[in-house]
Amino acid sequence: MPASATGATPAARKFGAGRRTRLILLGTSGGPPWWPGTDRAGVASAVAVGDRYYIVDAGHGVGRQARDAELGNWSHDTDGPLDALRAIFLTHLHSDHTIDLNNLLIEGLSNGLARVTSPVQVWGPGDRGTLPPRFGPPPDPPVTAPDNPTPGTAEMVDLMMRAYATDINDRVFDTRKPPPSTLVSGHDVPIPERYLADPNGNPHPRMSPVPFYEDDRVRVSATLVQHAPVFPALAFRFETDDGTIVFSGDTSPSENLVEMAQGADILVHEVMDRDWAEEIFPEPRDTSAEGRFQHLISAHTTIDEVGPIAEAAGVRTLVLNHLVPANWPEHKFHRAQKNFSGLVVVGRDLDEFGVGAVLG
Ligand SMILES: [Zn+2]
């Protein structure tokens, strides 16, 4: 185990009990590494409004974390937690944000999904449209699935159903439960075409938030953030009758995000420790190492950068998630507080934050 590892994640906390709208951090680890020495789950959050909830990103462990957060109604062991899930929102299609989407959609059949009253909508970025530029010296790496190399969210949901057809047909024939394809629906967030025109040249055009989802509990809007070469990379704003929660997704400092987060009760923002990046790519760096270092830094937000973003947006509480590295001591991330006049919380799995007035 690396010397930097911190052991078990510290205990979860409750900020503001007794509220109808709640943010629950289901997972706070950033990146695809299975960071040794920490039990933080992959990045995922829940927005609960009364007895319904929404999931934002579906990193490693999201289903079990929803169980441990006591979401859902659970009249029987196999009835929850997904019986109360309304929709899933994916900020981008990096695997650390999506790897357990298939778990929710497929094993979901035995964990409450069969009891939803309307299909769970899965929203996320559309097809990238073109492969990203090759980074680094030749030779070019091979392309996976050259006939369809950059599927978007709607197509990914369909492809997951196909990949798991053996299991789905077996269980549906056996139990007469409805097939998952009738219980979920995949959707691409409708970012206007003019902002999607140049993924490799201008992946972060200036834009204002676009509303795209509304039901009786939440209104959700999206904007493009800067996580190149991933594209589209989205941030989401959730508004309920009680207040506003904004999720940065993965991004370097983004003007689009600052606009979207204006006045939010909570900004949930990714963070990376620059010291870690410098440890991975120690000085002096040759041209190749410098390029890879800058590549990493330019796709994420460092501890020193995240406070001013929250300050510029005028949010009340800044919650840090997608911690990179996830196994470094929590106190290293506390430095974010020096650049922000509101409250900074370094997120822990299953931390809960109430929004709005206490229920009478
Ligand atoms: Zn990412």
# chains A, B, ... in the order shown; residues from 1 in each chain; ligands from 1
>>> residues_around(residues="Thr302 of chain A", least_positions_apart="3", cutoff="6 Å", atoms="only C-alpha atoms", output="mmCIF file with C-alpha atoms, in the first residue's frame")
data_model
loop_
_atom_site.group_PDB
_atom_site.id
_atom_site.type_symbol
_atom_site.label_atom_id
_atom_site.label_comp_id
_atom_site.auth_asym_id
_atom_site.auth_seq_id
_atom_site.Cartn_x
_atom_site.Cartn_y
_atom_site.Cartn_z
ATOM 1 C CA VAL A 271 -10.886 18.656 -7.408
ATOM 2 C CA MET A 272 -7.371 17.404 -8.037
ATOM 3 C CA ASP A 273 -4.273 17.926 -5.941
ATOM 4 C CA ARG A 274 -1.643 19.495 -8.183
ATOM 5 C CA GLU A 305 -8.385 26.964 -8.239
#
>>> residues_near_ligand(ligand="ligand 1", cutoff="8 Å", atoms="only C-alpha atoms and all ligand atoms", output="JSON, numbers by chain")
{"A": [31, 92, 93, 94, 95, 96, 97, 227, 230, 249, 250, 251]}
>>> residues_around(residues="Pro179 of chain A", least_positions_apart="5", cutoff="12 Å", atoms="only C-alpha atoms", output="ChimeraX atom specification")
/A:105-110,113-115,119,161-162,164-174,184-185
>>> residues_around(residues="segment 152-154 of chain A", least_positions_apart="2", cutoff="8 Å", atoms="only C-alpha atoms", output="CSV table (one decimal) with all heavy atoms, in the first residue's frame")
chain,number,residue,atom,x,y,z
A,93,LEU,N,-18.9,10.7,-20.4
A,93,LEU,CA,-18.9,9.3,-20.6
A,93,LEU,C,-17.6,8.6,-20.2
A,93,LEU,O,-17.3,7.5,-20.7
A,93,LEU,CB,-19.3,8.9,-22.0
A,93,LEU,CG,-20.8,9.4,-22.4
A,93,LEU,CD1,-21.2,8.9,-23.7
A,93,LEU,CD2,-21.8,8.9,-21.3
A,122,VAL,N,-32.4,8.1,-18.5
A,122,VAL,CA,-30.9,8.2,-18.4
A,122,VAL,C,-30.5,9.3,-19.4
A,122,VAL,O,-30.6,9.1,-20.6
A,122,VAL,CB,-30.2,6.9,-18.7
A,122,VAL,CG1,-28.7,7.0,-18.5
A,122,VAL,CG2,-30.8,5.7,-17.9
A,123,TRP,N,-30.0,10.4,-18.8
A,123,TRP,CA,-29.6,11.5,-19.6
A,123,TRP,C,-28.1,11.7,-19.6
A,123,TRP,O,-27.5,11.6,-18.5
A,123,TRP,CB,-30.3,12.8,-19.1
A,123,TRP,CG,-31.7,13.0,-19.4
A,123,TRP,CD1,-32.7,12.5,-18.6
A,123,TRP,CD2,-32.3,13.6,-20.6
A,123,TRP,NE1,-33.9,12.8,-19.2
A,123,TRP,CE2,-33.7,13.5,-20.4
A,123,TRP,CE3,-31.8,14.2,-21.7
A,123,TRP,CZ2,-34.6,14.0,-21.3
A,123,TRP,CZ3,-32.7,14.7,-22.6
A,123,TRP,CH2,-34.0,14.6,-22.5
A,124,GLY,N,-27.5,12.0,-20.7
A,124,GLY,CA,-26.1,12.3,-20.7
A,124,GLY,C,-25.7,12.9,-22.1
A,124,GLY,O,-26.5,13.1,-22.9
A,125,PRO,N,-24.4,13.0,-22.3
A,125,PRO,CA,-23.9,13.6,-23.6
A,125,PRO,C,-24.3,12.8,-24.8
A,125,PRO,O,-24.3,11.5,-24.7
A,125,PRO,CB,-22.4,13.6,-23.4
A,125,PRO,CG,-22.1,13.4,-22.0
A,125,PRO,CD,-23.3,12.6,-21.4
A,126,GLY,N,-24.4,13.4,-25.9
A,126,GLY,CA,-24.6,12.7,-27.1
A,126,GLY,C,-23.3,12.2,-27.8
A,126,GLY,O,-22.3,12.4,-27.2
A,127,ASP,N,-23.4,11.7,-28.9
A,127,ASP,CA,-22.3,11.1,-29.7
A,127,ASP,C,-21.3,12.3,-29.9
A,127,ASP,O,-21.6,13.4,-30.3
A,127,ASP,CB,-22.8,10.6,-31.0
A,127,ASP,CG,-21.8,9.8,-31.8
A,127,ASP,OD1,-20.6,10.2,-31.8
A,127,ASP,OD2,-22.1,8.8,-32.4
A,128,ARG,N,-20.0,12.0,-29.6
A,128,ARG,CA,-19.0,13.0,-29.8
A,128,ARG,C,-18.9,13.4,-31.2
A,128,ARG,O,-18.5,14.6,-31.5
A,128,ARG,CB,-17.6,12.4,-29.3
A,128,ARG,CG,-16.5,13.4,-29.2
A,128,ARG,CD,-15.2,12.7,-28.8
A,128,ARG,NE,-14.2,13.7,-28.3
A,128,ARG,CZ,-13.5,14.5,-29.1
A,128,ARG,NH1,-13.6,14.4,-30.4
A,128,ARG,NH2,-12.6,15.4,-28.6
A,150,THR,N,-17.7,6.5,-31.1
A,150,THR,CA,-18.0,7.5,-30.0
A,150,THR,C,-19.5,7.6,-29.7
A,150,THR,O,-20.1,8.6,-29.7
A,150,THR,CB,-17.5,8.9,-30.5
A,150,THR,OG1,-18.2,9.2,-31.7
A,150,THR,CG2,-16.0,9.0,-30.7
A,156,MET,N,-25.6,4.2,-25.8
A,156,MET,CA,-24.9,3.4,-24.9
A,156,MET,C,-25.9,2.5,-24.0
A,156,MET,O,-25.6,1.4,-23.7
A,156,MET,CB,-24.1,4.3,-23.9
A,156,MET,CG,-23.1,3.5,-23.1
A,156,MET,SD,-21.9,4.5,-22.2
A,156,MET,CE,-23.0,5.1,-20.9
A,157,VAL,N,-27.0,3.1,-23.7
A,157,VAL,CA,-28.0,2.4,-22.9
A,157,VAL,C,-28.5,1.2,-23.7
A,157,VAL,O,-28.7,0.1,-23.2
A,157,VAL,CB,-29.2,3.3,-22.5
A,157,VAL,CG1,-30.4,2.6,-22.0
A,157,VAL,CG2,-28.7,4.3,-21.4
A,158,ASP,N,-28.8,1.4,-25.0
A,158,ASP,CA,-29.3,0.4,-25.9
A,158,ASP,C,-28.2,-0.7,-26.0
A,158,ASP,O,-28.5,-1.9,-26.0
A,158,ASP,CB,-29.6,1.0,-27.3
A,158,ASP,CG,-30.1,-0.1,-28.2
A,158,ASP,OD1,-31.1,-0.8,-27.9
A,158,ASP,OD2,-29.5,-0.2,-29.3
A,185,SER,N,-35.0,4.5,-20.2
A,185,SER,CA,-34.9,5.1,-21.6
A,185,SER,C,-33.7,6.0,-21.6
A,185,SER,O,-33.5,6.8,-20.7
A,185,SER,CB,-36.2,5.9,-21.9
A,185,SER,OG,-36.4,6.9,-21.0
A,186,GLY,N,-32.9,5.9,-22.7
A,186,GLY,CA,-31.7,6.7,-22.8
A,186,GLY,C,-32.0,7.9,-23.6
A,186,GLY,O,-32.7,7.9,-24.6
A,187,HIS,N,-31.4,9.0,-23.2
A,187,HIS,CA,-31.6,10.3,-23.9
A,187,HIS,C,-30.3,11.1,-24.0
A,187,HIS,O,-29.5,11.2,-23.0
A,187,HIS,CB,-32.6,11.2,-23.1
A,187,HIS,CG,-33.9,10.5,-22.9
A,187,HIS,ND1,-35.0,10.6,-23.7
A,187,HIS,CD2,-34.3,9.7,-21.9
A,187,HIS,CE1,-36.0,9.9,-23.3
A,187,HIS,NE2,-35.6,9.3,-22.1
A,188,ASP,N,-30.0,11.7,-25.1
A,188,ASP,CA,-28.9,12.7,-25.2
A,188,ASP,C,-29.3,14.1,-24.8
A,188,ASP,O,-30.4,14.6,-25.3
A,188,ASP,CB,-28.4,12.6,-26.7
A,188,ASP,CG,-27.8,11.3,-27.1
A,188,ASP,OD1,-27.5,10.5,-26.2
A,188,ASP,OD2,-27.7,11.0,-28.3
>>> residues_around(residues="Asp351 of chain A", least_positions_apart="3", cutoff="7 Å", atoms="only C-alpha atoms", output="CSV table (one decimal) with N, CA and C atoms, in the first residue's frame")
chain,number,residue,atom,x,y,z
A,12,ALA,N,-19.4,9.4,7.7
A,12,ALA,CA,-20.3,10.3,7.0
A,12,ALA,C,-20.9,11.3,8.0
A,13,ARG,N,-21.3,12.5,7.4
A,13,ARG,CA,-21.9,13.5,8.3
A,13,ARG,C,-23.3,14.0,7.7
A,14,LYS,N,-24.1,14.6,8.5
A,14,LYS,CA,-25.3,15.2,8.1
A,14,LYS,C,-25.3,16.7,8.3
A,24,ILE,N,-27.0,13.7,-1.4
A,24,ILE,CA,-26.3,12.6,-0.8
A,24,ILE,C,-25.1,12.3,-1.7
A,25,LEU,N,-23.9,12.3,-1.1
A,25,LEU,CA,-22.7,11.9,-1.9
A,25,LEU,C,-22.7,10.4,-1.8
A,347,GLY,N,-15.8,16.2,0.6
A,347,GLY,CA,-16.9,15.2,0.7
A,347,GLY,C,-16.4,13.9,1.1
A,348,ARG,N,-17.3,13.2,1.9
A,348,ARG,CA,-17.1,11.8,2.3
A,348,ARG,C,-18.3,11.0,1.7
>>> closest_residue(among="A:Thr91, A:Asn339, A:Thr144, A:Ser45", to="Ala66 of chain A", atoms="only C-alpha atoms")
A:Ser45
>>> closest_residue(among="A:Thr240, A:Ser341, A:Asn103, A:Asn111", to="Gly80 of chain A", atoms="only C-alpha atoms")
A:Asn111
>>> residues_around(residues="Leu131 of chain A", least_positions_apart="6", cutoff="9 Å", atoms="only C-alpha atoms", output="list in words")
Val143, Pro149, Thr150, Pro199 and Asn200 of chain A
>>> write_last_selection(atoms="N, CA, C and O atoms", output="PDB file, in the first residue's frame")
ATOM      1  N   VAL A 143      -8.074   2.075 -33.272  1.00  0.00           N
ATOM      2  CA  VAL A 143      -9.407   2.568 -32.909  1.00  0.00           C
ATOM      3  C   VAL A 143     -10.279   1.381 -32.514  1.00  0.00           C
ATOM      4  O   VAL A 143     -10.362   0.397 -33.243  1.00  0.00           O
ATOM      5  N   PRO A 149     -17.296   4.604 -33.146  1.00  0.00           N
ATOM      6  CA  PRO A 149     -16.278   4.738 -32.097  1.00  0.00           C
ATOM      7  C   PRO A 149     -16.615   5.704 -30.962  1.00  0.00           C
ATOM      8  O   PRO A 149     -15.894   5.737 -29.970  1.00  0.00           O
ATOM      9  N   THR A 150     -17.702   6.488 -31.073  1.00  0.00           N
ATOM     10  CA  THR A 150     -17.972   7.504 -30.033  1.00  0.00           C
ATOM     11  C   THR A 150     -19.461   7.560 -29.675  1.00  0.00           C
ATOM     12  O   THR A 150     -20.073   8.628 -29.681  1.00  0.00           O
ATOM     13  N   PRO A 199     -15.552  19.782 -31.741  1.00  0.00           N
ATOM     14  CA  PRO A 199     -15.110  19.114 -30.505  1.00  0.00           C
ATOM     15  C   PRO A 199     -13.604  19.179 -30.291  1.00  0.00           C
ATOM     16  O   PRO A 199     -13.148  19.246 -29.150  1.00  0.00           O
ATOM     17  N   ASN A 200     -12.839  19.159 -31.375  1.00  0.00           N
ATOM     18  CA  ASN A 200     -11.379  19.130 -31.219  1.00  0.00           C
ATOM     19  C   ASN A 200     -10.745  20.525 -31.232  1.00  0.00           C
ATOM     20  O   ASN A 200      -9.665  20.717 -30.691  1.00  0.00           O
TER      21      ASN A 200
END
>>> closest_residue(among="A:Ala58, A:Ala310, A:Met160, A:Met207", to="Leu90 of chain A", atoms="only C-alpha atoms")
A:Ala58
>>> select_by_dssp(residues="segment 143-319 of chain A", states="alpha helix (DSSP H)", output="VMD selection string")
chain A and resid 153 to 163 165 to 175 255 to 260 274 to 280 287 to 297 303 to 313
>>> closest_residue(among="A:Ile99, A:Val225, A:Ala277, A:Ala17", to="Gly61 of chain A", atoms="only C-alpha atoms")
A:Ile99
>>> residues_around(residues="segment 312-323 of chain A", least_positions_apart="6", cutoff="8 Å", atoms="only C-alpha atoms", output="number ranges by chain")
A: 27-31, 42-43, 258-259, 261-272, 342-348
>>> write_last_selection(atoms="N, CA and C atoms", output="short mmCIF file (atom, residue, chain, number, x, y, z; two decimals), in the first residue's frame")
data_model
loop_
_atom_site.label_atom_id
_atom_site.label_comp_id
_atom_site.auth_asym_id
_atom_site.auth_seq_id
_atom_site.Cartn_x
_atom_site.Cartn_y
_atom_site.Cartn_z
N GLY A 27 -20.56 8.50 -3.86
CA GLY A 27 -19.16 8.15 -4.02
C GLY A 27 -18.35 9.40 -4.30
N THR A 28 -17.13 9.45 -3.79
CA THR A 28 -16.33 10.67 -3.86
C THR A 28 -14.96 10.46 -4.48
N SER A 29 -14.69 9.24 -4.92
CA SER A 29 -13.39 8.95 -5.52
C SER A 29 -13.36 9.42 -6.97
N GLY A 30 -12.24 9.99 -7.40
CA GLY A 30 -12.11 10.43 -8.78
C GLY A 30 -11.19 9.53 -9.59
N GLY A 31 -11.53 9.36 -10.85
CA GLY A 31 -10.66 8.62 -11.75
C GLY A 31 -10.88 7.13 -11.70
N GLY A 42 -16.76 5.01 -6.30
CA GLY A 42 -16.61 5.84 -7.49
C GLY A 42 -17.59 7.00 -7.49
N VAL A 43 -17.29 8.02 -8.28
CA VAL A 43 -18.05 9.26 -8.19
C VAL A 43 -19.52 9.05 -8.56
N VAL A 258 -19.36 28.80 -13.87
CA VAL A 258 -19.55 29.92 -12.94
C VAL A 258 -20.91 30.58 -13.20
N GLU A 259 -21.25 30.74 -14.48
CA GLU A 259 -22.56 31.33 -14.80
C GLU A 259 -23.68 30.42 -14.30
N ALA A 261 -23.69 28.25 -11.92
CA ALA A 261 -23.74 28.04 -10.47
C ALA A 261 -24.14 29.29 -9.70
N GLN A 262 -24.42 30.39 -10.40
CA GLN A 262 -24.72 31.65 -9.70
C GLN A 262 -25.77 31.45 -8.61
N GLY A 263 -25.39 31.79 -7.38
CA GLY A 263 -26.35 31.81 -6.28
C GLY A 263 -26.83 30.46 -5.80
N ALA A 264 -26.18 29.39 -6.24
CA ALA A 264 -26.64 28.05 -5.83
C ALA A 264 -26.43 27.85 -4.33
N ASP A 265 -27.29 27.03 -3.76
CA ASP A 265 -27.09 26.67 -2.35
C ASP A 265 -25.84 25.82 -2.20
N ILE A 266 -25.67 24.87 -3.12
CA ILE A 266 -24.52 23.96 -3.05
C ILE A 266 -23.90 23.82 -4.44
N LEU A 267 -22.59 23.96 -4.49
CA LEU A 267 -21.84 23.61 -5.70
C LEU A 267 -21.01 22.37 -5.37
N VAL A 268 -21.28 21.28 -6.08
CA VAL A 268 -20.49 20.06 -5.94
C VAL A 268 -19.44 20.09 -7.04
N HIS A 269 -18.18 20.22 -6.65
CA HIS A 269 -17.13 20.45 -7.66
C HIS A 269 -16.03 19.41 -7.53
N GLU A 270 -15.54 18.97 -8.68
CA GLU A 270 -14.38 18.06 -8.71
C GLU A 270 -13.14 18.80 -8.25
N VAL A 271 -12.14 18.03 -7.81
CA VAL A 271 -10.89 18.66 -7.41
C VAL A 271 -9.73 17.66 -7.57
N MET A 272 -8.58 18.21 -7.93
CA MET A 272 -7.37 17.40 -8.04
C MET A 272 -6.24 18.12 -7.32
N GLY A 342 -17.43 31.17 1.76
CA GLY A 342 -18.49 30.28 2.25
C GLY A 342 -17.88 29.04 2.90
N LEU A 343 -18.70 28.02 3.04
CA LEU A 343 -18.26 26.78 3.68
C LEU A 343 -17.73 25.80 2.64
N VAL A 344 -16.53 25.25 2.89
CA VAL A 344 -16.00 24.16 2.06
C VAL A 344 -16.13 22.85 2.83
N VAL A 345 -16.70 21.85 2.19
CA VAL A 345 -16.76 20.51 2.78
C VAL A 345 -16.03 19.56 1.85
N VAL A 346 -15.00 18.90 2.36
CA VAL A 346 -14.33 17.85 1.59
C VAL A 346 -15.21 16.61 1.70
N GLY A 347 -15.83 16.24 0.62
CA GLY A 347 -16.88 15.23 0.66
C GLY A 347 -16.41 13.86 1.13
N ARG A 348 -17.28 13.19 1.88
CA ARG A 348 -17.09 11.80 2.26
C ARG A 348 -18.29 11.01 1.73
#
>>> select_by_dssp(residues="segment 91-321 of chain A", states="strand (DSSP E)", output="NGL selection string")
:A and (120-124 or 184-188 or 210-214 or 219-224 or 234-239 or 244-247 or 266-272 or 317-321)
>>> closest_residue(among="A:Pro190, A:Pro133, A:Pro209, A:Pro253", to="Phe236 of chain A", atoms="only C-alpha atoms")
A:Pro209
